[in-house]
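Pasted below: target.txt, compact mmCIF, C-alpha atoms.
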```
# COMPACT_ATOMS: atom_id res chain seq x y z
CA MET A 59 41.11 9.20 -46.60
CA THR A 60 42.22 8.26 -43.09
CA THR A 61 43.23 4.62 -42.56
CA ILE A 62 42.79 2.71 -39.31
CA THR A 63 44.34 -0.76 -39.06
CA ASN A 64 44.83 -3.58 -36.56
CA LYS A 65 42.83 -2.11 -33.68
CA THR A 66 40.12 -3.44 -31.37
CA PHE A 67 37.17 -1.27 -30.36
CA ASP A 68 34.62 -2.10 -27.67
CA GLU A 69 33.44 1.33 -26.49
CA GLU A 70 30.08 2.95 -27.23
CA ARG A 71 29.97 4.73 -30.64
CA ALA A 72 33.65 4.00 -31.16
CA LEU A 73 33.84 5.71 -34.58
CA TYR A 74 30.75 7.87 -34.37
CA ALA A 75 30.18 10.16 -37.39
CA ALA A 76 33.38 8.96 -39.07
CA GLN A 77 33.95 10.34 -42.59
CA ASP A 78 36.32 9.39 -45.39
CA VAL A 79 37.90 6.57 -43.43
CA LEU A 80 39.18 3.07 -44.29
CA VAL A 81 39.00 0.63 -41.39
CA LYS A 82 41.02 -2.51 -42.08
CA ASP A 83 41.85 -5.65 -40.07
CA CYS A 84 40.03 -4.39 -36.99
CA ALA A 85 37.73 -6.03 -34.40
CA PHE A 86 34.65 -4.57 -32.76
CA ASP A 87 34.44 -6.70 -29.66
CA GLY A 88 35.28 -6.60 -25.98
CA LEU A 89 34.17 -6.24 -22.36
CA ALA A 90 32.82 -2.71 -22.66
CA ASP A 91 30.15 -4.14 -24.99
CA GLY A 92 29.60 -0.80 -26.72
CA GLU A 93 26.97 -0.30 -29.40
CA SER A 94 26.65 1.70 -32.63
CA ALA A 95 30.29 1.79 -33.67
CA PHE A 96 29.82 3.64 -37.00
CA LYS A 97 26.56 5.49 -36.40
CA GLU A 98 26.00 8.58 -38.60
CA GLY A 99 29.06 7.83 -40.74
CA LYS A 100 29.72 8.97 -44.30
CA ASP A 101 31.98 7.47 -46.99
CA VAL A 102 33.29 4.71 -44.76
CA ALA A 103 35.11 1.62 -46.11
CA VAL A 104 35.53 -1.50 -43.98
CA ASP A 105 37.78 -4.41 -44.98
CA ASN A 106 38.49 -7.69 -43.19
CA CYS A 107 36.89 -6.65 -39.92
CA PHE A 108 35.15 -8.65 -37.16
CA PHE A 109 31.89 -7.41 -35.63
CA ASN A 110 30.63 -8.97 -32.41
CA LEU A 111 28.70 -5.98 -31.03
CA ARG A 112 25.25 -4.56 -31.76
CA TYR A 113 24.02 -1.94 -34.26
CA PRO A 114 27.32 -1.03 -35.95
CA PHE A 115 25.97 0.70 -39.10
CA TRP A 116 22.96 2.95 -38.46
CA HIS A 117 22.23 6.11 -40.43
CA ASP A 118 25.31 5.72 -42.63
CA THR A 119 25.73 6.98 -46.21
CA GLY A 120 28.27 5.78 -48.77
CA LEU A 121 29.35 2.62 -46.98
CA LYS A 122 31.45 -0.27 -48.33
CA ILE A 123 31.96 -3.49 -46.35
CA GLU A 124 34.27 -6.22 -47.69
CA ASN A 125 35.63 -9.57 -46.48
CA SER A 126 34.17 -9.12 -43.01
CA GLU A 127 32.16 -11.09 -40.45
CA MET A 128 29.13 -10.08 -38.39
CA THR A 129 28.40 -12.70 -35.72
CA GLN A 130 25.12 -13.73 -34.10
CA LEU A 131 25.76 -11.10 -31.43
CA CYS A 132 25.97 -8.39 -34.09
CA ARG A 133 22.22 -7.66 -34.02
CA ALA A 134 20.49 -5.24 -36.39
CA ALA A 135 23.75 -4.45 -38.15
CA LEU A 136 22.55 -2.08 -40.89
CA TRP A 137 19.50 0.13 -40.37
CA TYR A 138 18.48 3.44 -41.96
CA SER A 139 21.54 3.49 -44.23
CA GLU A 140 21.84 4.17 -47.97
CA ASN A 141 24.28 3.72 -50.84
CA VAL A 142 25.84 0.60 -49.35
CA GLN A 143 28.03 -2.11 -50.93
CA ILE A 144 28.55 -5.41 -49.09
CA VAL A 145 30.99 -7.90 -50.66
CA CYS A 146 32.13 -11.36 -49.51
CA THR A 147 30.84 -10.80 -46.00
CA LYS A 148 29.02 -12.96 -43.40
CA LEU A 149 25.88 -11.40 -41.94
CA HIS A 150 24.82 -13.77 -39.15
CA GLY A 151 22.95 -11.53 -36.71
CA ILE A 152 19.19 -11.17 -36.49
CA LYS A 153 17.53 -8.30 -38.42
CA ALA A 154 20.77 -7.53 -40.25
CA LEU A 155 19.33 -5.14 -42.86
CA ARG A 156 16.28 -2.90 -42.44
CA GLU A 157 14.89 0.41 -43.68
CA CYS A 158 17.86 0.88 -46.02
CA ALA A 159 18.10 2.13 -49.63
CA ASN A 160 20.31 1.46 -52.67
CA ILE A 161 22.05 -1.68 -51.43
CA LYS A 162 24.41 -3.88 -53.49
CA MET A 163 25.45 -7.29 -52.18
CA ARG A 164 27.75 -9.84 -53.81
CA GLY A 165 29.22 -13.11 -52.58
CA CYS A 166 27.69 -12.83 -49.11
CA ASP A 167 26.51 -15.45 -46.63
CA ILE A 168 23.36 -14.44 -44.74
CA ILE A 169 21.97 -16.26 -41.69
CA SER A 170 19.58 -13.70 -40.29
CA PRO A 171 15.92 -13.99 -39.24
CA GLU A 172 13.85 -11.01 -40.36
CA PHE A 173 16.46 -9.90 -42.86
CA GLY A 174 15.83 -7.08 -45.32
CA TRP A 175 12.56 -5.54 -44.16
CA SER A 176 11.42 -2.33 -45.88
CA VAL A 177 14.49 -2.02 -48.10
CA ARG A 178 14.15 0.30 -51.10
CA GLY A 179 16.30 -0.98 -53.94
CA ILE A 180 18.64 -3.93 -53.46
CA THR A 181 20.80 -5.86 -55.90
CA MET A 182 21.97 -9.25 -54.66
CA GLU A 183 24.26 -11.54 -56.66
CA ASP A 184 25.85 -14.91 -55.91
CA CYS A 185 24.70 -14.98 -52.28
CA THR A 186 23.33 -17.61 -49.90
CA ALA A 187 20.69 -16.84 -47.30
CA GLU A 188 18.78 -18.46 -44.45
CA SER A 189 16.00 -16.41 -42.90
CA GLU A 190 12.36 -16.09 -41.91
CA TYR A 191 10.21 -13.29 -43.31
CA PHE A 192 13.08 -12.56 -45.71
CA MET A 193 12.86 -9.18 -47.50
CA MET A 194 9.35 -8.41 -46.24
CA ARG A 195 7.72 -5.20 -47.54
CA SER A 196 10.75 -4.30 -49.69
CA ASP A 197 10.70 -3.02 -53.26
CA HIS A 198 12.87 -3.01 -56.37
CA LEU A 199 14.76 -6.22 -55.62
CA ASN A 200 17.07 -7.50 -58.35
CA PHE A 201 18.42 -10.95 -57.42
CA ARG A 202 20.67 -13.17 -59.51
CA ASP A 203 22.23 -16.50 -58.50
CA VAL A 204 20.80 -16.34 -54.99
CA ARG A 205 20.20 -19.52 -52.99
CA PHE A 206 17.69 -19.14 -50.18
CA ARG A 207 16.27 -21.45 -47.49
CA GLY A 208 13.63 -20.44 -44.95
CA LYS A 209 9.99 -19.53 -44.38
CA TYR A 210 7.68 -16.70 -45.39
CA SER A 211 10.00 -15.03 -47.89
CA PHE A 212 9.35 -12.02 -50.14
CA GLN A 213 5.97 -11.17 -48.64
CA TYR A 214 4.45 -7.84 -49.72
CA ILE A 215 7.39 -7.02 -52.04
CA THR A 216 6.88 -5.00 -55.23
CA ASP A 217 8.62 -4.28 -58.55
CA SER A 218 11.23 -7.02 -58.39
CA ILE A 219 13.18 -9.39 -60.66
CA PHE A 220 14.76 -12.76 -59.83
CA ASP A 221 16.98 -14.72 -62.23
CA ASN A 222 18.71 -18.10 -61.88
CA CYS A 223 17.82 -18.45 -58.21
CA VAL A 224 16.95 -21.42 -55.98
CA PHE A 225 14.40 -20.83 -53.24
CA ASP A 226 13.42 -23.53 -50.73
CA THR A 227 10.68 -21.75 -48.85
CA LYS A 228 6.99 -21.68 -47.96
CA ASP A 229 4.43 -18.89 -48.30
CA ALA A 230 6.78 -17.06 -50.68
CA PHE A 231 5.69 -13.93 -52.57
CA TRP A 232 2.40 -13.54 -50.69
CA HIS A 233 0.70 -10.27 -51.62
CA GLY A 234 3.60 -9.46 -53.97
CA LYS A 235 3.05 -7.12 -56.92
CA ASN A 236 4.86 -6.63 -60.23
CA ILE A 237 7.34 -9.49 -59.94
CA THR A 238 9.23 -11.55 -62.53
CA VAL A 239 10.97 -14.84 -61.70
CA ARG A 240 13.09 -16.40 -64.47
CA ASN A 241 15.16 -19.58 -64.86
CA SER A 242 14.70 -20.45 -61.19
CA VAL A 243 13.61 -23.25 -58.87
CA VAL A 244 10.95 -22.42 -56.28
CA LYS A 245 10.18 -25.19 -53.79
CA GLY A 246 7.64 -24.86 -51.00
CA GLU A 247 4.02 -24.77 -49.96
CA TYR A 248 1.41 -22.16 -50.84
CA LEU A 249 3.44 -20.18 -53.36
CA ALA A 250 2.46 -16.59 -54.15
CA TRP A 251 -1.08 -16.49 -52.78
CA TYR A 252 -2.83 -13.13 -53.22
CA SER A 253 -0.13 -11.86 -55.58
CA GLU A 254 -0.74 -9.49 -58.48
CA ASN A 255 1.13 -9.17 -61.78
CA ILE A 256 3.59 -11.98 -61.10
CA THR A 257 5.28 -13.91 -63.92
CA PHE A 258 7.26 -17.16 -63.75
CA GLU A 259 9.31 -17.90 -66.87
CA ASN A 260 11.30 -21.11 -67.47
CA CYS A 261 10.93 -22.05 -63.81
CA LYS A 262 10.53 -25.26 -61.86
CA ILE A 263 7.81 -24.97 -59.20
CA ILE A 264 7.54 -27.66 -56.51
CA GLY A 265 5.03 -28.05 -53.68
CA THR A 266 1.39 -28.16 -52.68
CA GLN A 267 -1.33 -25.61 -53.43
CA PRO A 268 0.62 -23.00 -55.35
CA LEU A 269 -0.57 -19.81 -57.02
CA CYS A 270 -4.02 -19.32 -55.53
CA TYR A 271 -6.06 -16.12 -55.34
CA CYS A 272 -3.71 -14.44 -57.84
CA LYS A 273 -4.50 -11.61 -60.24
CA ASN A 274 -2.82 -11.42 -63.65
CA LEU A 275 -0.69 -14.51 -63.03
CA LYS A 276 1.51 -15.73 -65.90
CA LEU A 277 3.56 -18.90 -66.28
CA ILE A 278 5.73 -19.28 -69.39
CA ASN A 279 7.28 -22.69 -70.11
CA CYS A 280 7.26 -23.79 -66.50
CA GLU A 281 7.40 -27.26 -64.93
CA MET A 282 5.22 -27.93 -61.90
CA ILE A 283 6.10 -30.90 -59.67
CA ASP A 284 3.89 -32.28 -56.85
CA THR A 285 1.65 -29.26 -57.26
CA ASP A 286 -1.89 -30.21 -56.31
CA LEU A 287 -4.92 -27.91 -56.02
CA SER A 288 -3.11 -25.33 -58.11
CA PHE A 289 -4.47 -21.96 -59.31
CA GLU A 290 -7.53 -21.85 -57.03
CA ARG A 291 -9.53 -18.67 -57.70
CA SER A 292 -6.72 -17.17 -59.80
CA ASP A 293 -6.73 -15.20 -63.04
CA VAL A 294 -4.06 -17.09 -64.94
CA GLU A 295 -2.39 -17.56 -68.31
CA ALA A 296 -0.05 -20.55 -68.13
CA THR A 297 1.94 -22.79 -70.44
CA LEU A 298 3.25 -25.84 -68.57
CA THR A 299 5.83 -28.25 -69.91
CA ALA A 300 5.04 -31.30 -67.76
CA PRO A 301 2.02 -33.03 -66.21
CA ILE A 302 0.49 -31.49 -63.09
CA VAL A 303 -1.22 -33.27 -60.18
CA SER A 304 -4.40 -31.19 -59.98
CA ILE A 305 -5.96 -27.86 -60.86
CA LYS A 306 -8.80 -26.31 -58.87
CA ASN A 307 -11.24 -23.56 -59.82
CA PRO A 308 -9.20 -21.05 -61.85
CA LEU A 309 -11.46 -18.02 -62.25
CA SER A 310 -10.30 -16.96 -65.70
CA GLY A 311 -7.64 -17.45 -68.36
CA HIS A 312 -6.06 -20.49 -69.97
CA ILE A 313 -3.80 -23.25 -68.68
CA TYR A 314 -2.00 -25.29 -71.35
CA VAL A 315 -0.64 -28.56 -69.95
CA PRO A 316 0.40 -31.93 -71.46
CA ALA A 317 -1.49 -33.88 -68.78
CA VAL A 318 -3.32 -33.37 -65.49
CA GLY A 319 -4.35 -35.87 -62.84
CA GLU A 320 -7.51 -34.04 -61.77
CA ILE A 321 -9.39 -30.88 -62.64
CA ILE A 322 -11.81 -29.66 -59.99
CA MET A 323 -14.41 -27.11 -61.10
CA ASP A 324 -17.03 -26.91 -58.38
CA ILE A 325 -17.89 -23.23 -58.02
CA GLU A 326 -20.07 -21.25 -60.40
CA ASN A 327 -17.62 -18.50 -61.29
CA ALA A 328 -14.66 -20.73 -62.23
CA TYR A 329 -14.37 -19.92 -65.95
CA GLY A 330 -10.68 -20.68 -66.50
CA GLU A 331 -9.96 -23.13 -69.30
CA VAL A 332 -7.57 -26.05 -69.03
CA ILE A 333 -6.29 -27.17 -72.43
CA ILE A 334 -4.86 -30.70 -72.42
CA GLU A 335 -3.51 -32.01 -75.73
CA ASN A 336 -6.11 -30.08 -77.71
CA GLN A 337 -8.92 -30.81 -75.24
CA ILE A 338 -10.62 -28.11 -73.20
CA CYS A 339 -11.91 -28.88 -69.70
CA ASN A 340 -13.75 -26.21 -67.75
CA LYS A 341 -16.74 -27.92 -66.19
CA GLY A 342 -17.31 -30.57 -63.59
CA VAL A 343 -14.73 -32.85 -61.98
CA CYS A 344 -12.43 -34.38 -64.61
CA LYS A 345 -10.03 -37.31 -64.37
CA CYS A 346 -8.37 -36.42 -67.65
CA CYS A 347 -5.27 -38.51 -67.41
CA ALA A 348 -6.16 -41.30 -65.02
```

Encoded form (structure tokens):
Amino acid sequence: MTTITNKTFDEERALYAAQDVLVKDCAFDGLADGESAFKEGKDVAVDNCFFNLRYPFWHDTGLKIENSEMTQLCRAALWYSENVQIVCTKLHGIKALRECANIKMRGCDIISPEFGWSVRGITMEDCTAESEYFMMRSDHLNFRDVRFRGKYSFQYITDSIFDNCVFDTKDAFWHGKNITVRNSVVKGEYLAWYSENITFENCKIIGTQPLCYCKNLKLINCEMIDTDLSFERSDVEATLTAPIVSIKNPLSGHIYVPAVGEIIMDIENAYGEVIIENQICNKGVCKCCA
């Protein structure tokens, strides 16, 4: 493996089609303002490098990035690449990851609108992220100890698992399919509308009008806080551990809850049952715990 150290590159395609190379303590910055530094590379390792130019990693295979920084000017940093490891790195440019496959991230700091679109297989551990439309249309996500803040996250994702995460977001998991969220906190408005086969286990869910228009929705030992008008037109099986503000028109299934402020059943096909301390409420407008 060739090693390149302590150099600055600013030309177009500075290390185009590089193979079997370690690039260490280098900067990609300068007046020439060149793009696509590592395009079409293979088996490239990058350590402690600074990226201030656009599109550095496109169409790369077998890439490892460690202890590095991608600034706001480093737009669209990784596209169309596969078999990538990113460790202890800042990704602060817009659209930092897209159309990639088999990605592993650990200890990273992400500030990147439109991050992670159409990614096929990503493992993320002990990372922080700020974004909008985070991970849209991606599949096979496996997240652990991830802390996220932003809007419109995880829309249209499929076949994904989240464990011990904290998400402060709105419109999360819309149209998602085959998703499991465990031991996590999800705060935000309009959670998981139009989702299918989504399970929340030992989670804390906070915010208005969650979990509406869902198919095969499951909640296992979850706490719901400030969640009004929940489960509207959803097929749901839920066991809740704390009182809930209100439930509206679940279409089918059972909701077990210690107390509820209001149950609204005002459409003909709302057949879901709400079981409150051995009572069953599935008709009319109830003030069960006033």

Between A:Thr63, A:Asn110, A:Thr119, A:Thr227, which has the minimum distance to Gly151 of chain A (counting all atoms listed in the file)?
A:Asn110

Got a sec: who's within 12 Å of Thr299 of chain A, counting all atoms listed in the file, leaving out chain neighbours fewer than 2 positions off, as a list in words?
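Result of the neighbour search: Glu259, Asn260, Cys261, Lys262, Ile263, Leu277, Ile278, Asn279, Cys280, Glu281, Met282, Ile283, Ala296, Thr297, Pro301, Ile302, Ile313, Tyr314, Val315, Pro316, Ala317, Val318, Ile334 and Glu335 of chain A.
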
Quick one, how far is atom CA of Gln130 of chain A from atom CA of Thr147 of chain A?
13.5 Å

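Distance annotation: of A:Gly246, A:Gly330, A:Gly99, A:Pro308, the residue with the minimal separation from Phe206 of chain A is A:Gly246; atom set is only C-alpha atoms.
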
Measuring atom to atom with all atoms listed in the file, identify which of A:Tyr214, A:Leu298, A:Ile161, A:Lys148 is nearest to Cys185 of chain A.
A:Lys148

To one decimal place, how far is atom CA of Thr238 of chain A from atom CA of Lys209 of chain A in Å?
19.8 Å

Tell me, as a list of chain:residue names, which residues lie within 8 Å of Val142 of chain A, counting all atoms listed in the file; anything in the same chain fewer than 3 positions away does not count.
A:Thr119, A:Gly120, A:Leu121, A:Lys122, A:Ile123, A:Ser139, A:Ala159, A:Asn160, A:Ile161, A:Lys162

For Ile264 of chain A: contacts at 12 Å, all atoms listed in the file, fewer than 3 positions along chain excluded, given as a ChimeraX atom specification
/A:224-228,242-249,261,267-269,280-286,288,302-303

Fewer than 4 positions away in the same chain doesn't count, so skip those; otherwise give me all residues within 8 Å of Tyr138 of chain A, counting only C-alpha atoms, as a short mmCIF file (atom, residue, chain, number, x, y, z; two decimals) with C-alpha atoms, in the coordinates of the input.
```cif
data_model
loop_
_atom_site.label_atom_id
_atom_site.label_comp_id
_atom_site.auth_asym_id
_atom_site.auth_seq_id
_atom_site.Cartn_x
_atom_site.Cartn_y
_atom_site.Cartn_z
CA TRP A 116 22.96 2.95 -38.46
CA HIS A 117 22.23 6.11 -40.43
CA ASP A 118 25.31 5.72 -42.63
CA ARG A 156 16.28 -2.90 -42.44
CA GLU A 157 14.89 0.41 -43.68
CA CYS A 158 17.86 0.88 -46.02
CA ALA A 159 18.10 2.13 -49.63
#
```

Closest to Val145 of chain A among A:Thr66, A:His233, A:Arg178, A:Asp105, using all atoms listed in the file?
A:Asp105

Counting all atoms listed in the file, what is within 6 Å of Ala154 of chain A, bar same-chain residues fewer than 4 positions away, as a PDB file with C-alpha atoms, keeping the file's coordinate frame?
```pdb
ATOM      1  CA  ALA A 134      20.490  -5.240 -36.390  1.00  0.00           C
ATOM      2  CA  ALA A 135      23.750  -4.450 -38.150  1.00  0.00           C
ATOM      3  CA  LEU A 136      22.550  -2.080 -40.890  1.00  0.00           C
ATOM      4  CA  PHE A 173      16.460  -9.900 -42.860  1.00  0.00           C
TER       5      PHE A 173
END
```

Please compute the atom CA of Asn141 of chain A-atom CA of Thr257 of chain A distance, one decimal, in Å.
29.0 Å

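Distance check against Phe115 of chain A using all atoms listed in the file: of A:Trp251, A:Trp175, A:Phe258, A:Phe86, the minimum falls on A:Phe86.
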
Using only C-alpha atoms, find the one residue out of A:Leu131, A:Ala75, A:Ala103, A:Ile168 that sits nearest to Asp91 of chain A.
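Checking each of A:Leu131, A:Ala75, A:Ala103, A:Ile168 against Asp91 of chain A, counting only C-alpha atoms, the winner is A:Leu131.
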